[in-house]
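File shown here: entry.txt, holding compact mmCIF, C-alpha atoms.
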# COMPACT_ATOMS: atom_id res chain seq x y z
CA MET A 780 -4.89 -9.17 -15.20
CA GLU A 781 -7.09 -6.14 -15.02
CA LYS A 782 -5.62 -2.85 -16.08
CA SER A 783 -7.65 -0.57 -13.83
CA VAL A 784 -7.40 -0.34 -10.07
CA SER A 785 -8.60 2.00 -7.35
CA PHE A 786 -7.32 2.83 -3.90
CA GLY A 787 -9.39 1.99 -0.87
CA VAL A 788 -10.13 4.16 2.14
CA THR A 789 -7.44 2.38 4.16
CA ASP A 790 -4.81 3.22 1.53
CA TYR A 791 -5.63 6.90 1.61
CA VAL A 792 -5.65 6.92 5.42
CA ILE A 793 -2.15 5.40 5.58
CA MET A 794 -0.83 7.95 3.08
CA ALA A 795 -2.48 10.82 5.00
CA VAL A 796 -1.01 9.63 8.30
CA MET A 797 2.50 9.46 6.85
CA LEU A 798 2.29 12.96 5.40
CA SER A 799 0.72 14.33 8.60
CA ILE A 800 3.50 12.93 10.77
CA SER A 801 6.12 14.46 8.47
CA MET A 802 4.41 17.83 8.72
CA ALA A 803 4.01 17.51 12.50
CA ILE A 804 7.77 16.96 12.91
CA GLY A 805 8.42 20.20 11.04
CA VAL A 806 5.91 22.10 13.16
CA TYR A 807 7.43 20.70 16.36
CA PHE A 808 10.94 21.88 15.54
CA ALA A 809 9.63 25.23 14.33
CA VAL A 810 7.98 25.79 17.71
CA ALA A 811 10.83 24.31 19.74
CA GLY A 812 13.44 26.40 17.94
CA ARG A 813 11.56 29.68 17.67
CA LYS A 814 14.05 31.37 20.03
CA HIS A 815 17.07 30.15 18.05
CA THR A 816 17.34 32.29 14.95
CA SER A 817 21.01 31.92 14.07
CA GLN A 818 22.13 30.49 10.74
CA GLU A 819 24.11 27.79 12.53
CA ASP A 820 20.95 26.57 14.28
CA TYR A 821 18.79 26.74 11.16
CA LEU A 822 21.25 25.17 8.69
CA LEU A 823 23.41 22.99 10.98
CA GLY A 824 21.25 22.28 14.02
CA GLY A 825 23.76 24.03 16.26
CA ARG A 826 26.36 21.42 15.20
CA ASN A 827 24.97 19.12 17.88
CA LEU A 828 22.83 16.51 16.09
CA GLY A 829 22.94 12.81 16.91
CA ILE A 830 24.55 9.97 14.98
CA ILE A 831 21.44 7.86 14.38
CA PRO A 832 19.05 10.54 13.06
CA VAL A 833 21.72 12.06 10.79
CA GLY A 834 22.73 8.63 9.51
CA LEU A 835 19.13 7.73 8.70
CA SER A 836 18.70 11.14 7.09
CA LEU A 837 21.66 10.54 4.78
CA PHE A 838 20.35 7.09 3.93
CA ALA A 839 16.90 8.45 3.03
CA THR A 840 18.29 11.41 1.07
CA PHE A 841 20.50 9.45 -1.29
CA ASN A 842 18.31 6.36 -1.57
CA SER A 843 15.37 8.15 -3.07
CA ALA A 844 12.31 6.99 -4.98
CA VAL A 845 14.69 6.59 -7.95
CA SER A 846 16.28 3.51 -6.39
CA LEU A 847 12.95 2.20 -5.09
CA LEU A 848 11.66 2.09 -8.67
CA GLY A 849 14.88 1.75 -10.65
CA ILE A 850 16.73 -1.16 -9.02
CA PRO A 851 13.85 -3.69 -9.21
CA ALA A 852 13.37 -2.63 -12.86
CA GLU A 853 17.09 -3.25 -13.54
CA VAL A 854 16.84 -6.76 -12.07
CA TYR A 855 13.65 -7.55 -13.97
CA THR A 856 15.21 -6.44 -17.25
CA TYR A 857 18.90 -7.34 -16.94
CA GLY A 858 19.38 -9.71 -13.99
CA THR A 859 20.85 -9.77 -10.52
CA MET A 860 24.21 -8.14 -11.27
CA ALA A 861 22.58 -5.01 -9.84
CA ILE A 862 23.40 -6.47 -6.41
CA TYR A 863 26.89 -5.00 -6.80
CA ILE A 864 25.38 -1.51 -6.84
CA GLY A 865 25.03 -1.92 -3.07
CA LEU A 866 28.74 -2.63 -2.78
CA GLY A 867 29.41 0.47 -4.87
CA TYR A 868 27.34 2.53 -2.43
CA GLY A 869 29.21 0.95 0.46
CA LEU A 870 32.57 1.75 -1.13
CA ALA A 871 31.57 5.38 -1.61
CA THR A 872 30.43 5.90 1.98
CA SER A 873 33.52 4.14 3.34
CA LEU A 874 35.83 6.35 1.25
CA CYS A 875 34.19 9.40 2.85
CA THR A 876 35.91 8.57 6.15
CA VAL A 877 39.36 9.10 4.58
CA THR A 878 38.53 11.82 2.04
CA LEU A 879 35.64 14.18 2.75
CA LEU A 880 35.55 13.88 6.55
CA PRO A 881 39.17 14.88 7.38
CA LEU A 882 39.14 17.50 4.62
CA ILE A 883 35.94 19.37 5.49
CA TYR A 884 34.94 18.74 9.11
CA PRO A 885 37.86 20.49 10.89
CA LEU A 886 37.18 23.72 8.96
CA ARG A 887 33.84 24.33 10.76
CA ILE A 888 32.28 25.71 7.60
CA THR A 889 28.61 25.89 6.56
CA SER A 890 28.93 25.59 2.78
CA ILE A 891 31.26 22.92 1.43
CA TYR A 892 32.33 25.36 -1.30
CA GLU A 893 33.92 27.62 1.30
CA TYR A 894 36.79 25.12 1.18
CA LEU A 895 37.48 26.09 -2.44
CA GLN A 896 37.91 29.75 -1.53
CA LEU A 897 40.16 28.87 1.40
CA ARG A 898 42.25 26.46 -0.67
CA PHE A 899 42.65 28.46 -3.88
CA ASP A 900 42.25 31.94 -2.39
CA SER A 901 39.65 32.68 -5.03
CA LYS A 902 36.02 33.73 -4.70
CA GLY A 903 35.55 32.90 -8.37
CA VAL A 904 36.49 29.24 -7.86
CA ARG A 905 34.11 29.03 -4.92
CA LEU A 906 31.29 30.59 -6.93
CA PHE A 907 31.95 28.29 -9.90
CA GLY A 908 31.91 25.19 -7.70
CA ALA A 909 28.76 26.33 -5.91
CA CYS A 910 26.89 26.96 -9.16
CA LEU A 911 27.81 23.53 -10.55
CA GLY A 912 26.84 21.89 -7.27
CA MET A 913 23.50 23.68 -7.22
CA ILE A 914 22.79 22.56 -10.79
CA GLN A 915 23.52 18.98 -9.73
CA THR A 916 21.18 19.26 -6.75
CA ILE A 917 18.39 20.79 -8.83
CA CYS A 918 18.66 18.08 -11.51
CA TYR A 919 18.72 15.22 -9.01
CA MET A 920 15.86 16.73 -7.02
CA THR A 921 13.76 17.17 -10.15
CA ILE A 922 14.25 13.55 -11.25
CA ALA A 923 13.60 12.24 -7.74
CA LEU A 924 10.34 14.20 -7.57
CA LEU A 925 9.14 13.46 -11.10
CA SER A 926 9.95 9.77 -11.45
CA PRO A 927 7.59 8.40 -8.77
CA ALA A 928 4.84 10.77 -9.90
CA MET A 929 5.07 9.47 -13.48
CA ALA A 930 5.18 5.85 -12.36
CA LEU A 931 2.16 6.28 -10.13
CA GLN A 932 0.26 8.14 -12.83
CA THR A 933 0.34 5.17 -15.18
CA ALA A 934 0.43 2.26 -12.77
CA ALA A 935 -1.95 3.54 -10.10
CA GLY A 936 -3.98 6.19 -11.90
CA LEU A 937 -2.87 9.04 -9.60
CA PRO A 938 -2.75 12.36 -11.51
CA LEU A 939 0.76 13.66 -12.10
CA TRP A 940 0.03 17.07 -10.65
CA MET A 941 -1.44 15.54 -7.48
CA SER A 942 1.72 13.59 -6.64
CA LEU A 943 4.01 16.55 -7.46
CA VAL A 944 2.02 19.09 -5.48
CA THR A 945 1.43 16.78 -2.50
CA VAL A 946 5.08 15.86 -2.06
CA GLY A 947 6.34 19.33 -3.04
CA VAL A 948 4.11 21.36 -0.74
CA VAL A 949 4.48 19.12 2.31
CA GLY A 950 8.27 18.85 1.92
CA THR A 951 8.72 22.57 1.34
CA ILE A 952 6.64 23.65 4.33
CA TYR A 953 8.25 21.45 6.96
CA THR A 954 11.73 22.21 5.61
CA ALA A 955 11.14 25.97 5.67
CA ILE A 956 9.67 26.22 9.14
CA GLY A 957 11.82 23.64 10.93
CA GLY A 958 15.24 23.93 9.28
CA ILE A 959 17.83 21.16 9.26
CA LYS A 960 16.49 19.55 12.45
CA SER A 961 13.11 19.10 10.83
CA VAL A 962 14.72 17.65 7.69
CA VAL A 963 16.93 15.21 9.62
CA TRP A 964 14.24 13.88 11.95
CA THR A 965 11.64 13.65 9.19
CA ASP A 966 14.15 11.76 7.06
CA ALA A 967 14.74 9.39 9.98
CA PHE A 968 11.01 8.71 10.21
CA GLN A 969 10.79 8.27 6.45
CA SER A 970 13.69 5.78 6.53
CA ILE A 971 11.57 3.57 8.77
CA ILE A 972 8.68 3.89 6.31
CA ILE A 973 10.95 2.99 3.39
CA PHE A 974 12.35 -0.12 5.05
CA GLY A 975 8.96 -1.17 6.40
CA GLY A 976 7.27 -0.68 3.03
CA ILE A 977 9.74 -2.65 0.93
CA ILE A 978 10.08 -5.47 3.48
CA ALA A 979 6.30 -5.86 3.71
CA THR A 980 6.00 -5.78 -0.08
CA VAL A 981 8.71 -8.33 -0.80
CA ALA A 982 7.56 -10.63 2.02
CA LYS A 983 3.98 -10.75 0.75
CA GLY A 984 5.07 -10.92 -2.89
CA CYS A 985 7.39 -13.82 -2.11
CA ASP A 986 4.52 -15.61 -0.37
CA VAL A 987 2.25 -15.09 -3.39
CA VAL A 988 4.72 -16.67 -5.85
CA GLY A 989 5.48 -19.68 -3.65
CA GLY A 990 8.35 -18.81 -1.33
CA MET A 991 12.01 -17.80 -1.50
CA ASP A 992 13.13 -21.13 -2.99
CA LYS A 993 10.72 -20.68 -5.88
CA VAL A 994 11.95 -17.13 -6.48
CA TRP A 995 15.60 -18.20 -6.51
CA LYS A 996 15.04 -21.31 -8.68
CA THR A 997 12.85 -19.62 -11.29
CA THR A 998 15.21 -16.63 -11.57
CA GLU A 999 18.05 -19.06 -12.24
CA GLU A 1000 16.01 -21.00 -14.82
CA ARG A 1001 15.23 -17.79 -16.70
CA GLY A 1002 18.92 -16.88 -16.90
CA ARG A 1003 18.64 -13.80 -14.68
CA LEU A 1004 20.59 -15.11 -11.69
CA ILE A 1005 23.95 -13.59 -12.60
CA PHE A 1006 26.79 -12.74 -10.22
CA ASP A 1007 29.97 -13.36 -12.23
CA GLN A 1008 29.96 -10.81 -15.06
CA VAL A 1009 33.59 -9.63 -15.21
CA ASP A 1010 33.78 -8.45 -18.82
CA PRO A 1011 36.26 -5.51 -19.03
CA ASP A 1012 34.28 -3.98 -21.92
CA PRO A 1013 32.90 -0.66 -20.60
CA ARG A 1014 29.92 -1.00 -22.93
CA VAL A 1015 28.59 -3.94 -20.89
CA ARG A 1016 25.81 -2.60 -18.70
CA HIS A 1017 26.59 -4.51 -15.49
CA THR A 1018 30.00 -5.86 -14.49
CA ILE A 1019 31.56 -6.34 -11.06
CA MET A 1020 34.14 -3.62 -11.68
CA GLY A 1021 31.60 -1.28 -13.27
CA CYS A 1022 29.08 -1.58 -10.44
CA VAL A 1023 31.51 -1.53 -7.52
CA LEU A 1024 34.25 0.80 -8.70
CA GLY A 1025 32.38 2.83 -11.32
CA ILE A 1026 29.23 3.44 -9.29
CA GLY A 1027 31.26 3.85 -6.10
CA ILE A 1028 33.30 6.70 -7.55
CA ASN A 1029 30.25 8.17 -9.27
CA TRP A 1030 28.37 8.16 -5.96
CA LEU A 1031 31.37 9.65 -4.14
CA THR A 1032 31.05 12.74 -6.35
CA ASN A 1033 27.53 13.14 -5.01
CA PHE A 1034 28.83 13.10 -1.45
CA PHE A 1035 31.12 16.05 -2.23
CA GLY A 1036 28.04 18.23 -2.31
CA GLN A 1037 26.13 20.44 0.08
CA SER A 1038 23.49 17.94 1.21
CA PHE A 1039 26.04 15.43 2.50
CA SER A 1040 28.58 17.85 3.94
CA GLN A 1041 25.89 19.88 5.70
CA ARG A 1042 24.79 16.83 7.65
CA LEU A 1043 28.38 15.80 8.27
CA CYS A 1044 29.16 19.17 9.85
CA SER A 1045 25.96 19.11 11.93
CA ILE A 1046 27.34 16.33 14.16
CA LYS A 1047 29.07 17.27 17.41
CA SER A 1048 32.48 15.69 16.84
CA GLU A 1049 34.57 14.28 14.00
CA GLU A 1050 34.66 10.87 15.67
CA ASN A 1051 30.86 10.78 15.85
CA ALA A 1052 30.70 11.81 12.20
CA ARG A 1053 32.95 8.87 11.31
CA LYS A 1054 30.71 6.48 13.26
CA MET A 1055 27.68 7.87 11.45
CA ILE A 1056 29.23 7.18 8.03
CA LEU A 1057 30.17 3.64 9.05
CA MET A 1058 26.58 3.09 10.21
CA VAL A 1059 25.18 4.12 6.84
CA THR A 1060 27.47 1.75 4.89
CA PRO A 1061 25.76 -1.57 5.82
CA LEU A 1062 22.33 0.08 5.56
CA ASN A 1063 22.99 0.81 1.88
CA VAL A 1064 24.11 -2.76 1.17
CA ILE A 1065 21.07 -4.28 2.93
CA TYR A 1066 18.71 -1.87 1.19
CA VAL A 1067 19.99 -2.69 -2.30
CA SER A 1068 19.91 -6.43 -1.53
CA ILE A 1069 16.22 -6.22 -0.58
CA LEU A 1070 15.42 -4.29 -3.76
CA VAL A 1071 17.28 -6.87 -5.87
CA PHE A 1072 15.23 -9.67 -4.33
CA THR A 1073 12.12 -7.58 -4.98
CA GLY A 1074 13.02 -7.44 -8.67
CA MET A 1075 13.49 -11.22 -8.67
CA THR A 1076 10.05 -11.64 -7.08
CA ILE A 1077 8.42 -9.45 -9.73
CA LEU A 1078 10.13 -11.43 -12.49
CA VAL A 1079 8.94 -14.76 -11.06
CA TYR A 1080 5.38 -13.55 -10.56
CA PHE A 1081 4.86 -12.32 -14.12
CA ASP A 1082 6.61 -15.42 -15.45
CA HIS A 1083 4.25 -17.59 -13.40
CA ILE A 1084 1.09 -16.00 -14.77
CA GLY A 1085 2.55 -15.82 -18.28
CA CYS A 1086 2.02 -12.10 -18.81
CA ASP A 1087 4.61 -9.39 -19.37
CA PRO A 1088 2.84 -6.12 -18.42
CA MET A 1089 5.04 -4.11 -20.79
CA ALA A 1090 4.35 -6.38 -23.76
CA ALA A 1091 0.64 -6.34 -22.88
CA GLY A 1092 0.62 -2.54 -22.88
CA PHE A 1093 -0.47 -2.18 -19.25
CA ILE A 1094 2.61 -0.07 -18.51
CA THR A 1095 4.84 1.93 -20.84
CA ASN A 1096 8.30 1.49 -19.27
CA ALA A 1097 10.13 -0.62 -16.70
CA ASN A 1098 10.10 2.18 -14.10
CA GLN A 1099 6.41 1.43 -13.53
CA LEU A 1100 6.93 -2.28 -12.82
CA MET A 1101 7.23 -1.99 -9.04
CA PRO A 1102 4.06 0.07 -8.37
CA TYR A 1103 2.17 -1.98 -10.97
CA PHE A 1104 3.17 -5.23 -9.28
CA VAL A 1105 2.19 -4.00 -5.80
CA ILE A 1106 -1.11 -2.41 -6.72
CA ARG A 1107 -2.31 -4.99 -9.24
CA THR A 1108 -1.26 -8.13 -7.36
CA LEU A 1109 -1.20 -7.20 -3.67
CA GLY A 1110 -3.87 -4.51 -3.65
CA PHE A 1111 -6.46 -6.96 -2.29
CA ILE A 1112 -4.78 -6.55 1.12
CA PRO A 1113 -6.26 -3.39 2.72
CA GLY A 1114 -3.61 -0.75 3.24
CA LEU A 1115 -0.70 -2.47 1.48
CA SER A 1116 -1.00 -0.27 -1.60
CA GLY A 1117 -1.17 2.80 0.60
CA LEU A 1118 1.91 1.65 2.52
CA TYR A 1119 3.85 1.20 -0.69
CA ILE A 1120 2.80 4.59 -2.08
CA SER A 1121 3.84 6.08 1.27
CA THR A 1122 7.22 4.43 0.76
CA ILE A 1123 7.64 6.12 -2.62
CA PHE A 1124 6.45 9.45 -1.25
CA SER A 1125 8.90 9.12 1.65
CA GLY A 1126 11.78 8.61 -0.76
CA ALA A 1127 10.75 11.65 -2.78
CA LEU A 1128 10.13 13.79 0.31
CA SER A 1129 13.54 13.09 1.81
CA THR A 1130 15.37 14.01 -1.39
CA LEU A 1131 13.29 17.14 -1.95
CA SER A 1132 13.62 18.47 1.61
CA SER A 1133 17.37 17.84 1.73
CA GLY A 1134 17.84 19.40 -1.71
CA ILE A 1135 15.98 22.64 -1.09
CA ASN A 1136 17.61 23.01 2.34
CA ALA A 1137 21.05 22.65 0.72
CA LEU A 1138 20.16 25.08 -2.07
CA ALA A 1139 19.04 27.67 0.48
CA ALA A 1140 22.36 27.26 2.31
CA ASN A 1141 24.34 27.72 -0.91
CA THR A 1142 22.31 30.78 -1.82
CA VAL A 1143 22.85 32.69 1.42
CA GLU A 1144 26.39 31.43 2.12
CA ASP A 1145 27.89 31.45 -1.40
CA LEU A 1146 25.82 33.62 -3.74
CA LEU A 1147 24.47 36.33 -1.42
CA TYR A 1148 27.16 36.39 1.26
CA PRO A 1149 28.71 39.73 0.16
CA VAL A 1150 25.29 41.34 0.54
CA LEU A 1151 24.17 39.55 3.71
CA ARG A 1152 27.36 39.52 5.77
CA THR A 1153 26.45 42.77 7.55
CA ARG A 1154 22.84 41.73 8.22
CA ARG A 1155 21.52 40.42 11.52
CA GLU A 1156 21.40 36.63 12.03
CA SER A 1157 17.60 36.66 12.29
CA THR A 1158 17.33 38.49 8.97
CA VAL A 1159 19.60 36.02 7.20
CA THR A 1160 17.63 33.09 8.66
CA THR A 1161 14.38 34.63 7.38
CA ILE A 1162 15.92 34.96 3.92
CA SER A 1163 17.01 31.31 4.13
CA ARG A 1164 13.40 30.30 4.81
CA ALA A 1165 12.24 32.37 1.88
CA MET A 1166 14.80 30.62 -0.35
CA VAL A 1167 13.43 27.24 0.75
CA PHE A 1168 9.95 28.23 -0.40
CA LEU A 1169 11.36 29.57 -3.67
CA TYR A 1170 13.34 26.41 -4.47
CA GLY A 1171 10.44 24.20 -3.41
CA ALA A 1172 8.12 25.92 -5.88
CA ALA A 1173 10.83 25.76 -8.56
CA ALA A 1174 11.28 22.00 -7.99
CA ILE A 1175 7.56 21.36 -8.49
CA GLY A 1176 7.52 23.46 -11.66
CA LEU A 1177 10.67 21.90 -13.13
CA ALA A 1178 9.44 18.40 -12.40
CA TYR A 1179 6.17 19.11 -14.21
CA LEU A 1180 7.98 20.66 -17.18
CA ALA A 1181 10.25 17.59 -17.40
CA LYS A 1182 7.33 15.15 -17.60
CA GLY A 1183 8.43 14.02 -21.08
CA LEU A 1184 11.60 12.51 -19.58
CA LYS A 1185 12.00 8.82 -20.44
CA GLY A 1186 14.59 6.10 -19.84
CA PRO A 1187 15.88 3.98 -16.94
CA LEU A 1188 15.91 6.03 -13.74
CA THR A 1189 19.21 4.69 -12.42
CA GLU A 1190 20.92 5.48 -15.72
CA ILE A 1191 19.55 9.03 -15.81
CA VAL A 1192 20.68 9.75 -12.24
CA PHE A 1193 24.20 8.41 -12.79
CA VAL A 1194 24.57 10.54 -15.94
CA VAL A 1195 23.40 13.67 -14.09
CA MET A 1196 25.74 13.06 -11.14
CA GLY A 1197 28.70 12.27 -13.36
CA GLY A 1198 28.16 15.24 -15.66
CA THR A 1199 27.81 17.84 -12.91
CA GLY A 1200 29.47 16.30 -9.86
CA GLY A 1201 32.51 14.91 -11.69
CA PRO A 1202 34.09 18.30 -12.54
CA VAL A 1203 33.50 19.60 -9.00
CA PHE A 1204 34.87 16.49 -7.29
CA GLY A 1205 37.78 15.68 -9.60
CA GLY A 1206 38.55 19.10 -11.05
CA LEU A 1207 38.29 21.14 -7.85
CA PHE A 1208 38.21 19.17 -4.58
CA LEU A 1209 40.53 16.34 -5.63
CA LEU A 1210 42.89 18.80 -7.30
CA GLY A 1211 43.06 20.98 -4.22
CA ALA A 1212 43.45 18.14 -1.73
CA VAL A 1213 46.03 16.02 -3.60
CA PHE A 1214 48.17 18.48 -5.56
CA PRO A 1215 49.78 21.23 -3.47
CA GLN A 1216 51.28 22.70 -6.65
CA ALA A 1217 47.81 23.75 -7.85
CA ASN A 1218 47.53 27.29 -6.56
CA LYS A 1219 46.25 30.71 -7.50
CA VAL A 1220 48.16 32.38 -10.32
CA VAL A 1221 49.67 35.65 -9.07
CA SER A 1222 50.72 38.26 -11.58
CA VAL A 1223 54.40 39.31 -11.37
CA PHE A 1224 53.23 42.94 -11.33
CA ASN A 1225 51.45 42.35 -8.03
CA GLN A 1226 54.39 40.69 -6.28

Using structure tokens, write down the structure that the file contains.
Amino acid sequence: MEKSVSFGVTDYVIMAVMLSISMAIGVYFAVAGRKHTSQEDYLLGGRNLGIIPVGLSLFATFNSAVSLLGIPAEVYTYGTMAIYIGLGYGLATSLCTVTLLPLIYPLRITSIYEYLQLRFDSKGVRLFGACLGMIQTICYMTIALLSPAMALQTAAGLPLWMSLVTVGVVGTIYTAIGGIKSVVWTDAFQSIIIFGGIIATVAKGCDVVGGMDKVWKTTEERGRLIFDQVDPDPRVRHTIMGCVLGIGINWLTNFFGQSFSQRLCSIKSEENARKMILMVTPLNVIYVSILVFTGMTILVYFDHIGCDPMAAGFITNANQLMPYFVIRTLGFIPGLSGLYISTIFSGALSTLSSGINALAANTVEDLLYPVLRTRRESTVTTISRAMVFLYGAAAIGLAYLAKGLKGPLTEIVFVVMGGTGGPVFGGLFLLGAVFPQANKVVSVFNQ
């Protein structure tokens, strides 16, 4: 195998078209909504968005470039037990219909952390929850933006700064000018790119190695076809209980955040919101299943040619396996490399745009509300747009500063979500919803 590779004109054209369409969607909604300057229109789409676009938006937001790169790497390194990650995702989204949805939707709130002030009668609890949630969003957004840029830098030769700036600038602009409608519809378009890219990649890769039967048989011969790991030891990386229950609960903490709740409350009715969640559940399972088979295909291909790219020094970590496989082995097909890079960019764009939109909402609704509550709606909306630009620039800078980050992407993301989302979900939302005895302490002198 040759270590060097270059993109063709067709690849760059496909990438440019994808980015141009994303930008055009933002411009369209900016023009179409120029007469609607209220915060509810800008942050919640007037609470009248459709089931399908919001569902696809949620899918694209939480299945970022991290999963596109990380799950095939997990399968290549550890085996097919990663298939149960999809069931964990499905469990988390299903639980939302009986936890988050009936708790938050009827309140007609903009920020999910408003619930904490209503429940505990404390602005301090609301502010604490909002700050932790914003830290979680910033960390996840940074990893989701950095990880594909680092993988593409080594595997495809694209400069780190080019990937960060391209995704960061495009995502920030269309989010700022178009608001939540731009984010949702762009995410829906990017979901199609993500599915189309990975299906085309795995189909052609499977054909190159000799078909699905060859992939399945060789994976089994190499001892990577594993579906029955039930070891109760929590130190075992992949077990059925760990992937389904552990990842399901871990992912549920992520749903008790601004990005998810903001989309939930943008739908017209609670029944439609429930249908949207149930639509996303099978999408997550199918998506993970395709990525697992992609990892099997990569394993079989490098086994067939007798070359481990990591051992040969062509790549430095498993996160680069997927782009290396596509570009080095399938790059002879005009446009396929560009389609795959567009898939990674789509995953990063969806996470970035949703993250900075949520951060802007938290800033104006939770942090600056005492100052802005007497301002006109148009003024507050303008400040929200300014916050989007600010957080977009911050995301690019933080991602570049974190370029020394190493380790499995899936592991890093789960640690970040558990460390920041766990206290908010379990310590605040779960406490408030399940235990009526947990209330504000009132001094006897004030009674």

>> To one decimal place in Å, what is the distance between atom CA of A:Gly824 and atom CA of A:Leu924?
In response: 25.5 Å

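Take atom CA of A:Gly958 and atom CA of A:Met913: the distance between them is 18.5 Å.
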
> In Å, with one decimal, what is the gap from atom CA of A:Ser926 to atom CA of A:Ser1121?
Replying inline: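 Atom-to-atom, atom CA of A:Ser926 and atom CA of A:Ser1121 are spaced 14.6 Å apart.
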
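Among the candidates A:Leu1207, A:Ala1127, A:Val962, A:Leu1177, the residue lying nearest to A:Phe841 is A:Ala1127 (atoms considered: all atoms listed in the file).
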
>> Taking 2 positions as the minimum chain separation for residues in the same chain, which residues sit within 9 Å of A:Asn842 when counting only C-alpha atoms? Answer as a VMD selection string.
In response: chain A and resid 837 to 840 844 to 847 1063 1066 1126 1129 to 1130

> Nearest to A:Met797 among A:Tyr863, A:Phe968, A:Tyr894, A:Tyr1148, with distances taken over all atoms listed in the file: which residue is it?
Replying inline: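 Closest to A:Met797, using all atoms listed in the file: A:Phe968.
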
> Pick from A:Met794, A:Ile959, A:Ile1112, A:Ile1120: nearest to A:Leu823, with all atoms listed in the file counted?
Replying inline: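 Ranked by minimum distance to A:Leu823, first place goes to A:Ile959.
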
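You can rank A:Leu939, A:Val949, A:Thr965, A:Cys1022 by their closest distance to A:Ala1181 using only C-alpha atoms, and at the top of that list sits A:Leu939.
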
> Can you list, as a PyMOL selection string, every protein, DNA or RNA residue that comes within 12 Å of A:Met1101 when you count all atoms listed in the file, leaving out same-chain residues fewer than 5 positions away?
Replying inline: chain A and resi 844-855+927+930-931+933-935+977+980-981+984+1070-1071+1073-1078+1080-1081+1088+1094+1096+1106-1109+1116+1119-1120+1122-1123

>> I want to know what sits within 8 Å of A:Met920, based on all atoms listed in the file, with residues of the same chain fewer than 5 positions away left out; could you give that as number ranges by chain?
In response: A: 1130-1131, 1134, 1174

Could you please take those selected residues and save C-alpha atoms as a compact mmCIF listing (two decimals), in the coordinates of the input?
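Result saved to out31.txt:
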# COMPACT_ATOMS: atom_id res chain seq x y z
CA THR A 1130 15.37 14.01 -1.39
CA LEU A 1131 13.29 17.14 -1.95
CA GLY A 1134 17.84 19.40 -1.71
CA ALA A 1174 11.28 22.00 -7.99

> So, counting only C-alpha atoms, which residue among A:Tyr1170, A:Phe1072, A:Tyr1103, A:Phe907 is closest to A:Thr998?
Replying inline: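 Looking at the shortest contact to A:Thr998, the residue is A:Phe1072.
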
Return as a tab-separated table the residues of stretch 916-1000 of chain A lying at most 10 Å from stretch 1036-1042 of chain A, together with the closest atom-to-atom pair for each and the distance in Å to one decimal, counting all atoms listed in the file, with rows in chain order and ascending residue number.
residue	atom	partner	partner_atom	distance
A:Thr916	CA	A:Gly1036	CA	8.2
A:Ile959	CA	A:Arg1042	CA	8.4
A:Lys960	CA	A:Arg1042	CA	10.0
A:Val963	CA	A:Arg1042	CA	8.3

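Distance check against A:Val988 using all atoms listed in the file: of A:Ile891, A:Val1079, A:Val1015, A:Ile1065, the minimum falls on A:Val1079.
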
>> List as a PyMOL selection string the protein and nucleic acid residues near A:Thr1060, meaning an atom at most 8 Å away when only C-alpha atoms are counted, but skip any in the same chain fewer than 3 places from it.
In response: chain A and resi 868-870+872-873+1056-1057+1063-1064

Please provide the set of residues having any atom within 12 Å of A:Ala811, restricted to all atoms listed in the file, with same-chain residues fewer than 6 positions apart removed, written as a compact mmCIF listing (two decimals) with C-alpha atoms, keeping the file's coordinate frame.
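Heads up, here's the output in part07.txt:
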# COMPACT_ATOMS: atom_id res chain seq x y z
CA ILE A 804 7.77 16.96 12.91
CA GLY A 805 8.42 20.20 11.04
CA ASP A 820 20.95 26.57 14.28
CA TYR A 821 18.79 26.74 11.16
CA ILE A 956 9.67 26.22 9.14
CA GLY A 957 11.82 23.64 10.93
CA GLY A 958 15.24 23.93 9.28
CA LYS A 960 16.49 19.55 12.45
CA SER A 961 13.11 19.10 10.83

>> Using only C-alpha atoms and a cutoff of 9 Å, can you tell me which residues are near (34.7, 9.3, 3.9) in the file's coordinates, and write them out as a list in words?
In response: Ala871, Thr872, Ser873, Leu874, Cys875, Thr876, Val877, Thr878, Leu879, Leu880, Pro881, Leu1031, Phe1034, Arg1053, Ile1056 and Leu1057 of chain A

> Which protein, DNA or RNA residues have an atom at most 9 Å from (0.7, 17.5, -11.6), counting all atoms listed in the file? List them as a list in words.
Replying inline: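 Residues close enough to count: Ala928, Pro938, Leu939, Trp940, Met941, Ser942, Leu943, Val944, Ile1175, Ala1178 and Tyr1179 of chain A.
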